[in-house]
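Participant: start-v3.tsv is reproduced below (TSV, C-alpha atoms).
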chain	number	residue	atom	x	y	z
A	20	MET	CA	24.10	-54.86	51.57
A	21	LYS	CA	24.55	-51.48	53.16
A	22	PHE	CA	24.24	-51.03	56.90
A	23	LEU	CA	24.04	-48.03	59.21
A	24	CYS	CA	24.93	-48.85	62.82
A	25	ASP	CA	23.31	-46.73	65.51
A	26	VAL	CA	25.22	-45.16	68.38
A	27	HIS	CA	24.95	-48.16	70.76
A	28	ILE	CA	26.31	-50.60	68.19
A	29	SER	CA	30.08	-51.00	68.28
A	30	TYR	CA	32.38	-49.90	65.45
A	31	LYS	CA	33.57	-53.51	65.57
A	32	VAL	CA	30.23	-54.57	64.11
A	33	CYS	CA	30.82	-52.23	61.14
A	34	LYS	CA	34.27	-53.70	60.58
A	35	PHE	CA	32.87	-57.22	60.89
A	36	LEU	CA	30.20	-56.54	58.26
A	37	GLU	CA	32.82	-55.04	55.93
A	38	GLN	CA	34.91	-58.21	56.27
A	39	TYR	CA	31.94	-60.08	54.82
A	40	GLY	CA	31.72	-57.78	51.82
A	41	HIS	CA	29.03	-55.38	53.02
A	42	GLN	CA	29.14	-51.63	53.36
A	43	ALA	CA	28.76	-50.43	56.92
A	44	ILE	CA	28.97	-47.01	58.48
A	45	HIS	CA	28.52	-45.89	62.04
A	46	VAL	CA	26.24	-43.00	62.90
A	47	ASN	CA	29.18	-41.40	64.74
A	48	SER	CA	30.88	-41.01	61.35
A	49	ILE	CA	28.07	-39.04	59.71
A	50	LEU	CA	25.59	-36.26	60.28
A	51	ASN	CA	25.77	-34.94	63.87
A	52	LYS	CA	27.55	-38.00	65.21
A	53	TRP	CA	26.09	-39.24	68.52
A	54	PHE	CA	23.83	-36.16	68.64
A	55	THR	CA	21.98	-37.22	65.47
A	56	GLU	CA	18.26	-37.47	66.02
A	57	ASP	CA	16.49	-40.71	65.17
A	58	SER	CA	14.46	-38.99	62.45
A	59	ALA	CA	17.66	-37.84	60.70
A	60	ILE	CA	19.09	-41.37	60.96
A	61	CYS	CA	15.92	-42.75	59.36
A	62	GLU	CA	16.01	-40.18	56.57
A	63	TYR	CA	19.69	-40.82	55.86
A	64	ALA	CA	19.22	-44.59	55.89
A	65	ASP	CA	16.23	-44.46	53.55
A	66	GLU	CA	17.95	-42.06	51.13
A	67	ASN	CA	21.03	-44.32	50.98
A	68	ASN	CA	19.22	-47.68	51.08
A	69	ASN	CA	20.86	-48.60	54.39
A	70	ILE	CA	19.63	-51.20	56.85
A	71	VAL	CA	19.68	-49.62	60.31
A	72	ILE	CA	21.05	-51.78	63.13
A	73	THR	CA	20.09	-50.51	66.57
A	74	LYS	CA	19.31	-51.45	70.14
A	75	ASP	CA	16.97	-48.45	70.53
A	76	GLU	CA	13.31	-49.31	71.10
A	77	ASP	CA	12.24	-45.92	69.69
A	78	PHE	CA	13.11	-47.14	66.20
A	79	ARG	CA	10.68	-50.04	66.64
A	80	ALA	CA	7.80	-47.67	67.31
A	81	THR	CA	8.77	-45.40	64.42
A	82	PHE	CA	8.89	-48.34	62.03
A	83	LEU	CA	5.55	-49.75	63.15
A	84	LEU	CA	3.83	-46.34	63.04
A	85	LYS	CA	5.55	-44.58	60.14
A	86	LYS	CA	7.50	-47.29	58.27
A	87	LYS	CA	10.74	-45.43	58.99
A	88	PRO	CA	13.42	-46.46	58.53
A	89	LYS	CA	12.35	-48.73	55.71
A	90	LYS	CA	14.77	-51.47	56.76
A	91	LEU	CA	15.47	-52.05	60.43
A	92	ILE	CA	17.23	-54.61	62.61
A	93	ARG	CA	16.79	-54.22	66.35
A	94	ILE	CA	19.07	-56.12	68.70
A	95	ILE	CA	17.30	-57.11	71.92
A	96	LEU	CA	19.92	-59.36	73.48
A	97	GLY	CA	20.88	-57.07	76.35
A	98	ASN	CA	24.53	-56.49	77.19
A	99	ILE	CA	26.43	-59.08	75.19
A	100	SER	CA	29.98	-59.15	73.93
A	101	ASN	CA	30.83	-57.92	70.46
A	102	LYS	CA	31.96	-61.45	69.65
A	103	THR	CA	28.54	-62.86	70.53
A	104	LEU	CA	26.80	-60.07	68.63
A	105	THR	CA	28.86	-60.57	65.48
A	106	GLU	CA	28.35	-64.35	65.65
A	107	THR	CA	24.61	-63.77	65.95
A	108	ILE	CA	24.60	-61.36	63.01
A	109	LEU	CA	26.65	-63.81	60.95
A	110	HIS	CA	24.07	-66.50	61.66
A	111	CYS	CA	21.30	-64.10	60.53
A	112	LEU	CA	23.02	-62.74	57.39
A	113	PRO	CA	21.32	-65.14	54.94
A	114	THR	CA	17.91	-64.15	56.32
A	115	ILE	CA	18.84	-60.46	56.25
A	116	GLU	CA	19.98	-60.81	52.66
A	117	ASN	CA	16.62	-62.31	51.68
A	118	LEU	CA	14.74	-59.62	53.59
A	119	SER	CA	16.79	-56.81	52.04
A	120	GLU	CA	15.07	-57.46	48.71
A	121	ASN	CA	11.84	-56.12	50.25
A	122	GLU	CA	11.09	-52.42	50.29
A	123	TYR	CA	10.33	-52.60	54.02
A	124	PHE	CA	11.22	-54.99	56.82
A	125	PHE	CA	11.82	-55.03	60.54
A	126	MET	CA	13.74	-57.82	62.22
A	127	GLU	CA	14.20	-58.21	65.96
A	128	ILE	CA	17.09	-60.38	67.04
A	129	GLY	CA	16.65	-61.63	70.57
A	130	GLU	CA	16.11	-65.01	72.18
A	131	GLU	CA	13.92	-65.56	69.14
A	132	ILE	CA	14.07	-63.87	65.75
A	133	ASN	CA	10.94	-61.97	64.81
A	134	ILE	CA	10.29	-60.46	61.40
A	135	PHE	CA	7.64	-57.84	60.70
A	136	TYR	CA	6.40	-56.55	57.36
A	137	PRO	CA	4.16	-53.51	57.00
Reformat the file's structure so that it appears as structure tokens.

Facilitator:
Amino acid sequence: MKFLCDVHISYKVCKFLEQYGHQAIHVNSILNKWFTEDSAICEYADENNNIVITKDEDFRATFLLKKKPKKLIRIILGNISNKTLTETILHCLPTIENLSENEYFFMEIGEEINIFYP
């Protein structure tokens, strides 16, 4: 799988995903770095078949209204350690892998895991 981590997701998450055989880039490594607008992130992700990982609620609204980005994971666990976040993502990887076969999906990872399809 290919992931694009938004600005508030640690580089450590990218490295963690790479250790598990996935491609992962951080938005600060592409486009206009931390100045990149959400719409440009969505466009880049969709063009490159990336799954966006973010904490930003704006992406939720954009997905539900416009189906952009096509594949989205929103973390809603508040301020947690990178260790806890990577453990949570590891736990969710099989589900994410199954979802990635769909053209569109939105997954919220919080106290509960919610999955939305258009």

Participant: Taking 6 positions as the minimum chain separation for residues in the same chain, which residues sit within 12 Å of His110 in chain A when counting all atoms listed in the file? Answer as a PyMOL selection string.

Facilitator: chain A and resi 103-104+116+128+132

Participant: Please, could you write that set of residues out with C-alpha atoms as a PDB file, keeping the file's coordinate frame?

Facilitator:
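The file below, part_4.pdb, is the result:
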ATOM      1  CA  THR A 103      28.540 -62.860  70.530  1.00  0.00           C
ATOM      2  CA  LEU A 104      26.800 -60.070  68.630  1.00  0.00           C
ATOM      3  CA  GLU A 116      19.980 -60.810  52.660  1.00  0.00           C
ATOM      4  CA  ILE A 128      17.090 -60.380  67.040  1.00  0.00           C
ATOM      5  CA  ILE A 132      14.070 -63.870  65.750  1.00  0.00           C
TER       6      ILE A 132
END

Participant: Around the point (16.7, -47.7, 57.0) (coordinates from the file), which residues reach within 9 Å if we count all atoms listed in the file? Answer as a VMD selection string.

Facilitator: chain A and resid 22 to 23 60 to 72 87 to 92 123

Participant: Could you tell me how far CA of Gln42 in chain A sits from CA of Thr105 in chain A, in Å to one decimal place?

Facilitator: 15.1 Å

Participant: Can you tell me, as number ranges by chain, what residues are no more than 12 Å from range 27-41 of chain A when counting only C-alpha atoms, ignoring any on the same chain fewer than 2 positions away?

Facilitator: A: 20-25, 43-48, 52-53, 69-76, 92-95, 97-109, 111-113, 115-116

Participant: Would you kindly identify which residues have an atom no farther than 10 Å from (11.9, -57.9, 53.4), using all atoms listed in the file and the file's own coordinates, and write them out as a PyMOL selection string?

Facilitator: chain A and resi 89-91+114-126+134-137

Participant: Could you extract range 27-64 of chain A of the given structure into a file holding C-alpha atoms, as a tab-separated table (two decimals), in the first residue's frame?

Facilitator:
chain	number	residue	atom	x	y	z
A	27	HIS	CA	0.40	16.52	11.86
A	28	ILE	CA	1.43	12.90	11.44
A	29	SER	CA	5.00	12.17	12.52
A	30	TYR	CA	7.75	11.11	10.12
A	31	LYS	CA	8.10	8.14	12.47
A	32	VAL	CA	4.77	6.84	11.19
A	33	CYS	CA	6.16	6.91	7.62
A	34	LYS	CA	9.23	4.98	8.72
A	35	PHE	CA	7.07	2.52	10.63
A	36	LEU	CA	4.89	1.84	7.58
A	37	GLU	CA	7.99	1.36	5.42
A	38	GLN	CA	9.28	-1.24	7.90
A	39	TYR	CA	6.13	-3.23	7.16
A	40	GLY	CA	6.73	-3.11	3.41
A	41	HIS	CA	4.53	-0.17	2.49
A	42	GLN	CA	5.43	3.02	0.69
A	43	ALA	CA	4.96	6.12	2.80
A	44	ILE	CA	5.77	9.75	2.19
A	45	HIS	CA	5.23	12.78	4.33
A	46	VAL	CA	3.57	15.88	2.94
A	47	ASN	CA	6.59	17.89	4.14
A	48	SER	CA	8.66	16.00	1.55
A	49	ILE	CA	6.53	16.95	-1.45
A	50	LEU	CA	4.68	19.82	-3.06
A	51	ASN	CA	4.80	22.97	-0.87
A	52	LYS	CA	5.71	21.08	2.28
A	53	TRP	CA	3.69	22.21	5.33
A	54	PHE	CA	2.17	25.02	3.24
A	55	THR	CA	0.45	22.54	0.89
A	56	GLU	CA	-3.27	23.11	0.69
A	57	ASP	CA	-5.61	20.23	1.45
A	58	SER	CA	-6.94	20.27	-2.12
A	59	ALA	CA	-3.40	19.76	-3.49
A	60	ILE	CA	-2.81	16.92	-1.02
A	61	CYS	CA	-6.04	15.26	-2.20
A	62	GLU	CA	-5.11	15.67	-5.85
A	63	TYR	CA	-1.61	14.29	-5.30
A	64	ALA	CA	-2.90	11.35	-3.28
